[in-house]
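To start, the structure under review is shown below, and the notes come after it.
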Amino acid sequence: MLKDRTAIVGIGRTRFAKNLDEPEKTLACRAVLAALDDAGIDPAEVDALASYTMEETDEVELAKSIGAGDITFFSRTGFGGGGSCATVAHLAMAVATGQASVGVAWRSRKRGSGVRPWTNTSVQLPTPAQWTRPFGLLRPVDEIAVLARRYMHEYGATRDHLFNVALACRNRANQNPEAVMYERPLTREMYMDARWISEPLCLYDNCLETDGALACVVVGAERARDCRRKPVYVHAAAQGLPAQHHGMVNYWNDDPLTGPAWTAARQLWKTADLGPQDVDTAQIYDAFTPLIPLSLEGYGFCGRGEGAAFTEGGALELGGRLPINTAGGGLSEGYVHGFNLIDEGVRQLRGSSTSQVPDAATCLVTAGEGVPTSALLLRN
């Protein structure tokens, strides 16, 4: 069991922007060095690394560039945003089992200034995409739009419910000077009048396209007590790849609306001393607004089909039933494959968020729903 045997003791980031001049490797190194400085740990002590399969900066280049010592553990997690929490989980397992002592996870990305991958359709035809791309589902948003339409049809969810999600994230970004959407309010009229990206999803149902990098440092619980910052303990972690899974739309699944979150959640709560009722705030992966109600159901905050209604009455806002994405999330702070949600979870439990939940002691962080996913339960 991982329960509280390791902790996140340092976080670091670059700024987020539509177009940063520095290359991804430079951004990655800046974020990692900032996280180590935050923890008060010398780069030469780093002996474990974890990132994404989509990360362009490899372990060799990063280790040399930051001045790391001998690396005794390194891993990469797949499926884009689905792997965010798994990077920390892998480091926690490595440290807890003695494979390493100081781990760094990171993600660097220049999506805001880069070429969109869907512009080259010929490279998008490996299984299972060969069965969906020729019929017009070229982008992740197209796939999630189909899933959202089915959810709306089956459970009566409306665009107002999706607006509740977008608004909660934007309201928190409006309080966060580091957010791309800082001081840029969102109204219902703006939302309803926005252009379609893939119906029923409009502009504000989609995450930002952002350049930036983030990192965090993981050590054992005993070492964590002597670090510069208040430790945030990894209480539980899980990954989830359900039987029959087939991409974001899940056509071949008996129940397309029961996604990877359900599998990850069962494992997470099984290995934790806490449950959904004990979570003070949640940082829920929000590449698209419909992922929030689906994840609320999957992680047990409400029943099947109740995720849309859960968003009503300011439930997701600061002071509501479950404050989410308190720095703005992927929709309004920055989109770096969900790593900023880990960062914000740490800030909440340190008590240093720009939208602080009073006395927050537990935080759920989730990775992308719709793809093989991962999750962390953090506590202070």
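Just remember, in the structure tokens the first chain shown is A, the second B, etc., residues are 1-based per chain, and ligands are 1-based in the order shown.
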Shell around segment 93-99 of chain A at 8 Å using only C-alpha atoms, local window under 4 positions removed, as a VMD selection string = chain A and resid 2 5 to 6 48 72 to 73 89 103 218 to 220
From a DSSP calculation on the backbone, collect every residue of segment 136-357 of chain A in strand (DSSP E) and output the set as a PyMOL selection string.
-> chain A and resi 196-198+201-202+211-220+232-240+281-283
Please produce a file of those selected residues containing N, CA and C atoms, as a PDB file, in the first residue's frame.
ATOM      1  N   TRP A 196     -19.744  26.970 -32.622  1.00  0.00           N
ATOM      2  CA  TRP A 196     -19.578  25.539 -32.425  1.00  0.00           C
ATOM      3  C   TRP A 196     -18.151  25.128 -32.757  1.00  0.00           C
ATOM      4  N   ILE A 197     -17.610  24.207 -31.983  1.00  0.00           N
ATOM      5  CA  ILE A 197     -16.368  23.534 -32.344  1.00  0.00           C
ATOM      6  C   ILE A 197     -16.699  22.142 -32.868  1.00  0.00           C
ATOM      7  N   SER A 198     -17.574  21.451 -32.158  1.00  0.00           N
ATOM      8  CA  SER A 198     -18.142  20.191 -32.618  1.00  0.00           C
ATOM      9  C   SER A 198     -19.440  20.000 -31.831  1.00  0.00           C
ATOM     10  N   LEU A 201     -20.730  20.882 -28.555  1.00  0.00           N
ATOM     11  CA  LEU A 201     -19.675  21.553 -27.807  1.00  0.00           C
ATOM     12  C   LEU A 201     -19.240  22.835 -28.511  1.00  0.00           C
ATOM     13  N   CYS A 202     -19.306  23.925 -27.779  1.00  0.00           N
ATOM     14  CA  CYS A 202     -18.929  25.228 -28.333  1.00  0.00           C
ATOM     15  C   CYS A 202     -17.507  25.585 -27.910  1.00  0.00           C
ATOM     16  N   ASP A 211       1.237  26.919 -24.312  1.00  0.00           N
ATOM     17  CA  ASP A 211       2.648  26.597 -24.134  1.00  0.00           C
ATOM     18  C   ASP A 211       2.965  26.703 -22.644  1.00  0.00           C
ATOM     19  N   GLY A 212       3.815  25.804 -22.151  1.00  0.00           N
ATOM     20  CA  GLY A 212       4.211  25.879 -20.751  1.00  0.00           C
ATOM     21  C   GLY A 212       4.731  24.553 -20.254  1.00  0.00           C
ATOM     22  N   ALA A 213       5.234  24.551 -19.025  1.00  0.00           N
ATOM     23  CA  ALA A 213       5.761  23.337 -18.415  1.00  0.00           C
ATOM     24  C   ALA A 213       5.535  23.365 -16.921  1.00  0.00           C
ATOM     25  N   LEU A 214       5.381  22.162 -16.345  1.00  0.00           N
ATOM     26  CA  LEU A 214       5.222  22.013 -14.905  1.00  0.00           C
ATOM     27  C   LEU A 214       6.002  20.798 -14.436  1.00  0.00           C
ATOM     28  N   ALA A 215       6.307  20.765 -13.134  1.00  0.00           N
ATOM     29  CA  ALA A 215       7.023  19.637 -12.559  1.00  0.00           C
ATOM     30  C   ALA A 215       6.698  19.530 -11.076  1.00  0.00           C
ATOM     31  N   CYS A 216       6.951  18.353 -10.511  1.00  0.00           N
ATOM     32  CA  CYS A 216       6.826  18.178  -9.067  1.00  0.00           C
ATOM     33  C   CYS A 216       7.879  17.199  -8.588  1.00  0.00           C
ATOM     34  N   VAL A 217       8.154  17.235  -7.285  1.00  0.00           N
ATOM     35  CA  VAL A 217       9.184  16.418  -6.662  1.00  0.00           C
ATOM     36  C   VAL A 217       8.542  15.501  -5.635  1.00  0.00           C
ATOM     37  N   VAL A 218       8.881  14.208  -5.680  1.00  0.00           N
ATOM     38  CA  VAL A 218       8.334  13.208  -4.769  1.00  0.00           C
ATOM     39  C   VAL A 218       9.472  12.571  -3.970  1.00  0.00           C
ATOM     40  N   VAL A 219       9.289  12.502  -2.643  1.00  0.00           N
ATOM     41  CA  VAL A 219      10.264  11.847  -1.760  1.00  0.00           C
ATOM     42  C   VAL A 219       9.508  11.002  -0.749  1.00  0.00           C
ATOM     43  N   GLY A 220      10.254  10.243   0.058  1.00  0.00           N
ATOM     44  CA  GLY A 220       9.641   9.454   1.109  1.00  0.00           C
ATOM     45  C   GLY A 220       9.105  10.327   2.227  1.00  0.00           C
ATOM     46  N   VAL A 232       2.817  17.274   0.997  1.00  0.00           N
ATOM     47  CA  VAL A 232       1.474  16.838   0.612  1.00  0.00           C
ATOM     48  C   VAL A 232       1.581  15.346   0.289  1.00  0.00           C
ATOM     49  N   TYR A 233       0.928  14.522   1.084  1.00  0.00           N
ATOM     50  CA  TYR A 233       1.122  13.078   1.031  1.00  0.00           C
ATOM     51  C   TYR A 233       0.287  12.429  -0.070  1.00  0.00           C
ATOM     52  N   VAL A 234       0.896  11.458  -0.731  1.00  0.00           N
ATOM     53  CA  VAL A 234       0.185  10.638  -1.715  1.00  0.00           C
ATOM     54  C   VAL A 234      -0.507   9.523  -0.930  1.00  0.00           C
ATOM     55  N   HIS A 235      -1.774   9.716  -0.647  1.00  0.00           N
ATOM     56  CA  HIS A 235      -2.510   8.751   0.166  1.00  0.00           C
ATOM     57  C   HIS A 235      -2.900   7.517  -0.645  1.00  0.00           C
ATOM     58  N   ALA A 236      -3.303   7.721  -1.888  1.00  0.00           N
ATOM     59  CA  ALA A 236      -3.672   6.608  -2.758  1.00  0.00           C
ATOM     60  C   ALA A 236      -3.479   7.029  -4.205  1.00  0.00           C
ATOM     61  N   ALA A 237      -3.281   6.040  -5.063  1.00  0.00           N
ATOM     62  CA  ALA A 237      -3.111   6.293  -6.501  1.00  0.00           C
ATOM     63  C   ALA A 237      -3.657   5.103  -7.260  1.00  0.00           C
ATOM     64  N   ALA A 238      -4.106   5.357  -8.472  1.00  0.00           N
ATOM     65  CA  ALA A 238      -4.677   4.272  -9.280  1.00  0.00           C
ATOM     66  C   ALA A 238      -4.592   4.613 -10.756  1.00  0.00           C
ATOM     67  N   GLN A 239      -4.578   3.569 -11.571  1.00  0.00           N
ATOM     68  CA  GLN A 239      -4.754   3.694 -13.010  1.00  0.00           C
ATOM     69  C   GLN A 239      -5.972   2.867 -13.411  1.00  0.00           C
ATOM     70  N   GLY A 240      -6.543   3.166 -14.580  1.00  0.00           N
ATOM     71  CA  GLY A 240      -7.741   2.458 -14.991  1.00  0.00           C
ATOM     72  C   GLY A 240      -7.840   2.274 -16.494  1.00  0.00           C
ATOM     73  N   THR A 281     -11.817  19.130  -1.949  1.00  0.00           N
ATOM     74  CA  THR A 281     -11.771  19.790  -3.252  1.00  0.00           C
ATOM     75  C   THR A 281     -11.259  18.780  -4.269  1.00  0.00           C
ATOM     76  N   ALA A 282     -11.657  18.955  -5.519  1.00  0.00           N
ATOM     77  CA  ALA A 282     -11.242  18.034  -6.576  1.00  0.00           C
ATOM     78  C   ALA A 282     -10.721  18.810  -7.772  1.00  0.00           C
ATOM     79  N   GLN A 283      -9.626  18.328  -8.307  1.00  0.00           N
ATOM     80  CA  GLN A 283      -9.067  18.882  -9.537  1.00  0.00           C
ATOM     81  C   GLN A 283      -9.332  17.838 -10.618  1.00  0.00           C
TER      82      GLN A 283
END
Extract, using only C-alpha atoms, all DNA, RNA and protein residues at most 10 Å from Leu349 of chain A, discarding same-chain residues fewer than 4 positions from it, and format them as a CSV table (one decimal) with N, CA and C atoms, in the first residue's frame.
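Result went into result-v5.csv, see below:
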chain,number,residue,atom,x,y,z
A,230,LYS,N,5.7,22.5,3.2
A,230,LYS,CA,4.8,21.6,3.8
A,230,LYS,C,4.5,20.4,2.9
A,231,PRO,N,4.8,19.2,3.4
A,231,PRO,CA,4.6,18.0,2.5
A,231,PRO,C,3.1,17.8,2.2
A,232,VAL,N,2.8,17.3,1.0
A,232,VAL,CA,1.5,16.8,0.6
A,232,VAL,C,1.6,15.3,0.3
A,233,TYR,N,0.9,14.5,1.1
A,233,TYR,CA,1.1,13.1,1.0
A,233,TYR,C,0.3,12.4,-0.1
A,280,ASP,N,-12.3,17.3,0.1
A,280,ASP,CA,-12.6,18.7,0.3
A,280,ASP,C,-12.7,19.5,-1.0
A,281,THR,N,-11.8,19.1,-1.9
A,281,THR,CA,-11.8,19.8,-3.3
A,281,THR,C,-11.3,18.8,-4.3
A,344,GLU,N,-2.1,22.4,-8.6
A,344,GLU,CA,-3.1,23.0,-7.8
A,344,GLU,C,-3.6,22.2,-6.6
A,345,GLY,N,-3.6,20.9,-6.8
A,345,GLY,CA,-3.9,20.1,-5.6
A,345,GLY,C,-2.9,20.3,-4.5
A,353,SER,N,-3.5,28.4,-2.4
A,353,SER,CA,-4.2,28.6,-3.7
A,353,SER,C,-4.7,30.0,-3.8
A,356,GLN,N,-8.5,29.5,-2.3
A,356,GLN,CA,-8.3,28.5,-1.3
A,356,GLN,C,-9.6,28.0,-0.7
A,357,VAL,N,-9.8,26.7,-0.6
A,357,VAL,CA,-10.9,26.1,0.1
A,357,VAL,C,-10.5,26.1,1.6
A,358,PRO,N,-11.3,26.7,2.4
A,358,PRO,CA,-10.9,26.8,3.8
A,358,PRO,C,-10.6,25.4,4.5
A,359,ASP,N,-9.5,25.3,5.1
A,359,ASP,CA,-9.1,24.1,5.9
A,359,ASP,C,-9.1,22.8,5.0
A,360,ALA,N,-8.8,23.0,3.7
A,360,ALA,CA,-8.7,21.8,2.8
A,360,ALA,C,-7.6,20.8,3.3
A,361,ALA,N,-8.1,19.6,3.5
A,361,ALA,CA,-7.2,18.5,4.0
A,361,ALA,C,-7.0,17.4,3.0
A,362,THR,N,-8.0,17.2,2.1
A,362,THR,CA,-7.9,16.2,1.1
A,362,THR,C,-8.3,16.7,-0.3
A,363,CYS,N,-7.6,16.2,-1.3
A,363,CYS,CA,-7.9,16.6,-2.7
A,363,CYS,C,-7.7,15.4,-3.6
A,378,LEU,N,-4.7,13.0,-2.6
A,378,LEU,CA,-3.7,13.7,-1.8
A,378,LEU,C,-4.2,14.2,-0.5
A,379,ARG,N,-3.4,14.2,0.5
A,379,ARG,CA,-3.8,14.7,1.9
A,379,ARG,C,-2.7,15.5,2.5
A,380,ASN,N,-3.0,16.3,3.5
A,380,ASN,CA,-1.9,17.0,4.2
A,380,ASN,C,-1.7,16.4,5.6
Pick out each residue of segment 189-304 of chain A that DSSP on the backbone tags as helix (DSSP H, G or I); I need them as number ranges by chain.
-> A: 189-193, 203-205, 221-224, 260-270, 276-278, 291-298
Create the file for the chosen residues now, containing N, CA and C atoms and written as an mmCIF file, in the first residue's frame.
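Output (part-v7.cif):
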data_model
loop_
_atom_site.group_PDB
_atom_site.id
_atom_site.type_symbol
_atom_site.label_atom_id
_atom_site.label_comp_id
_atom_site.auth_asym_id
_atom_site.auth_seq_id
_atom_site.Cartn_x
_atom_site.Cartn_y
_atom_site.Cartn_z
ATOM 1 N N GLU A 189 -24.473 34.467 -21.686
ATOM 2 C CA GLU A 189 -24.725 34.949 -23.044
ATOM 3 C C GLU A 189 -23.525 34.676 -23.945
ATOM 4 N N MET A 190 -22.321 34.929 -23.453
ATOM 5 C CA MET A 190 -21.118 34.630 -24.238
ATOM 6 C C MET A 190 -21.049 33.153 -24.576
ATOM 7 N N TYR A 191 -21.347 32.322 -23.599
ATOM 8 C CA TYR A 191 -21.291 30.871 -23.801
ATOM 9 C C TYR A 191 -22.307 30.425 -24.849
ATOM 10 N N MET A 192 -23.539 30.836 -24.691
ATOM 11 C CA MET A 192 -24.595 30.372 -25.590
ATOM 12 C C MET A 192 -24.432 30.905 -27.012
ATOM 13 N N ASP A 193 -23.770 32.049 -27.155
ATOM 14 C CA ASP A 193 -23.584 32.641 -28.484
ATOM 15 C C ASP A 193 -22.269 32.231 -29.147
ATOM 16 N N LEU A 203 -17.076 26.770 -28.257
ATOM 17 C CA LEU A 203 -15.722 27.225 -27.964
ATOM 18 C C LEU A 203 -15.363 27.042 -26.496
ATOM 19 N N TYR A 204 -16.288 27.403 -25.593
ATOM 20 C CA TYR A 204 -15.981 27.408 -24.171
ATOM 21 C C TYR A 204 -16.099 26.035 -23.513
ATOM 22 N N ASP A 205 -16.465 25.029 -24.288
ATOM 23 C CA ASP A 205 -16.470 23.649 -23.796
ATOM 24 C C ASP A 205 -15.124 22.983 -24.007
ATOM 25 N N ALA A 221 8.178 9.781 2.999
ATOM 26 C CA ALA A 221 7.512 10.561 4.046
ATOM 27 C C ALA A 221 8.494 11.078 5.086
ATOM 28 N N GLU A 222 9.493 10.274 5.439
ATOM 29 C CA GLU A 222 10.457 10.721 6.457
ATOM 30 C C GLU A 222 11.285 11.884 5.937
ATOM 31 N N ARG A 223 11.756 11.775 4.716
ATOM 32 C CA ARG A 223 12.531 12.878 4.114
ATOM 33 C C ARG A 223 11.662 14.124 3.959
ATOM 34 N N ALA A 224 10.382 13.920 3.666
ATOM 35 C CA ALA A 224 9.479 15.043 3.398
ATOM 36 C C ALA A 224 9.370 15.992 4.580
ATOM 37 N N PRO A 260 -13.181 4.899 -18.209
ATOM 38 C CA PRO A 260 -12.033 4.508 -17.389
ATOM 39 C C PRO A 260 -12.059 5.072 -15.966
ATOM 40 N N ALA A 261 -12.727 6.210 -15.758
ATOM 41 C CA ALA A 261 -12.792 6.772 -14.408
ATOM 42 C C ALA A 261 -13.382 5.775 -13.419
ATOM 43 N N TRP A 262 -14.363 5.012 -13.860
ATOM 44 C CA TRP A 262 -15.000 4.047 -12.967
ATOM 45 C C TRP A 262 -14.006 2.976 -12.527
ATOM 46 N N THR A 263 -13.176 2.517 -13.440
ATOM 47 C CA THR A 263 -12.183 1.502 -13.105
ATOM 48 C C THR A 263 -11.127 2.058 -12.159
ATOM 49 N N ALA A 264 -10.608 3.249 -12.476
ATOM 50 C CA ALA A 264 -9.612 3.880 -11.613
ATOM 51 C C ALA A 264 -10.185 4.155 -10.233
ATOM 52 N N ALA A 265 -11.425 4.603 -10.182
ATOM 53 C CA ALA A 265 -12.045 4.949 -8.903
ATOM 54 C C ALA A 265 -12.186 3.741 -7.989
ATOM 55 N N ARG A 266 -12.606 2.607 -8.549
ATOM 56 C CA ARG A 266 -12.750 1.416 -7.709
ATOM 57 C C ARG A 266 -11.424 1.051 -7.040
ATOM 58 N N GLN A 267 -10.340 1.130 -7.809
ATOM 59 C CA GLN A 267 -9.031 0.823 -7.244
ATOM 60 C C GLN A 267 -8.595 1.882 -6.242
ATOM 61 N N LEU A 268 -8.833 3.137 -6.562
ATOM 62 C CA LEU A 268 -8.417 4.230 -5.683
ATOM 63 C C LEU A 268 -9.070 4.119 -4.315
ATOM 64 N N TRP A 269 -10.396 3.991 -4.314
ATOM 65 C CA TRP A 269 -11.108 3.964 -3.024
ATOM 66 C C TRP A 269 -10.838 2.667 -2.272
ATOM 67 N N LYS A 270 -10.554 1.589 -2.986
ATOM 68 C CA LYS A 270 -10.247 0.315 -2.333
ATOM 69 C C LYS A 270 -8.959 0.402 -1.527
ATOM 70 N N PRO A 276 -15.257 9.313 -1.260
ATOM 71 C CA PRO A 276 -15.664 10.556 -1.920
ATOM 72 C C PRO A 276 -16.221 11.598 -0.939
ATOM 73 N N GLN A 277 -16.885 11.129 0.103
ATOM 74 C CA GLN A 277 -17.486 12.048 1.072
ATOM 75 C C GLN A 277 -16.430 12.814 1.871
ATOM 76 N N ASP A 278 -15.180 12.359 1.833
ATOM 77 C CA ASP A 278 -14.114 12.999 2.608
ATOM 78 C C ASP A 278 -13.298 13.989 1.781
ATOM 79 N N LEU A 291 -16.578 16.006 -19.564
ATOM 80 C CA LEU A 291 -15.789 15.080 -18.767
ATOM 81 C C LEU A 291 -16.024 15.275 -17.277
ATOM 82 N N ILE A 292 -16.461 16.463 -16.881
ATOM 83 C CA ILE A 292 -16.686 16.719 -15.454
ATOM 84 C C ILE A 292 -17.869 15.922 -14.922
ATOM 85 N N PRO A 293 -19.084 16.037 -15.485
ATOM 86 C CA PRO A 293 -20.179 15.219 -14.951
ATOM 87 C C PRO A 293 -19.905 13.725 -15.062
ATOM 88 N N LEU A 294 -19.256 13.275 -16.143
ATOM 89 C CA LEU A 294 -18.918 11.866 -16.259
ATOM 90 C C LEU A 294 -17.959 11.438 -15.153
ATOM 91 N N SER A 295 -17.004 12.275 -14.826
ATOM 92 C CA SER A 295 -16.039 11.953 -13.773
ATOM 93 C C SER A 295 -16.673 12.034 -12.389
ATOM 94 N N LEU A 296 -17.567 12.988 -12.173
ATOM 95 C CA LEU A 296 -18.268 13.069 -10.890
ATOM 96 C C LEU A 296 -18.994 11.766 -10.589
ATOM 97 N N GLU A 297 -19.579 11.180 -11.615
ATOM 98 C CA GLU A 297 -20.263 9.891 -11.447
ATOM 99 C C GLU A 297 -19.255 8.767 -11.237
ATOM 100 N N GLY A 298 -18.217 8.749 -12.068
ATOM 101 C CA GLY A 298 -17.242 7.669 -12.002
ATOM 102 C C GLY A 298 -16.539 7.594 -10.658
#
For Gln175 of chain A: contacts at 12 Å, only C-alpha atoms, fewer than 5 positions along chain excluded, given as a ChimeraX atom specification | /A:168-170,180-185,318,325-328,332-333,353-356
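Comparing the minimum interatomic distances between Pro23 of chain A and each of A:Gln130, A:Ser51, A:Ser75, A:Ser113, counting only C-alpha atoms, we find that A:Ser113 sits nearest.
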Point-to-point distance in Å for atom CA of Phe79 of chain A and atom CA of Lys25 of chain A |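 Interatomic distance, atom CA of Lys25 of chain A to atom CA of Phe79 of chain A: 20.6 Å.
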Which residue, A:Met54, A:Val371, A:Cys29, A:Ala100, has the smallest gap to Asn250 of chain A when you use only C-alpha atoms?
-> A:Val371
Work out how far atom CA of Gln348 of chain A is from atom CA of Arg229 of chain A, in Å to one decimal.
->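 Atom-to-atom, atom CA of Arg229 of chain A and atom CA of Gln348 of chain A are spaced 13.1 Å apart.
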Measuring atom to atom with only C-alpha atoms, identify which of A:Glu306, A:Gly313, A:Ser101, A:Cys85 is nearest to Glu45 of chain A.
->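 Once distances to Glu45 of chain A are computed over only C-alpha atoms, the minimum belongs to A:Ser101.
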Using only C-alpha atoms, which of A:Tyr299, A:Asn176, A:Val249, A:Gly67 sits nearest Ser352 of chain A?
-> A:Asn176
Pairwise distance for atom CA of Gly307 of chain A and atom CA of Ala157 of chain A, rounded to one decimal in Å =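 The value is 8.7 Å.
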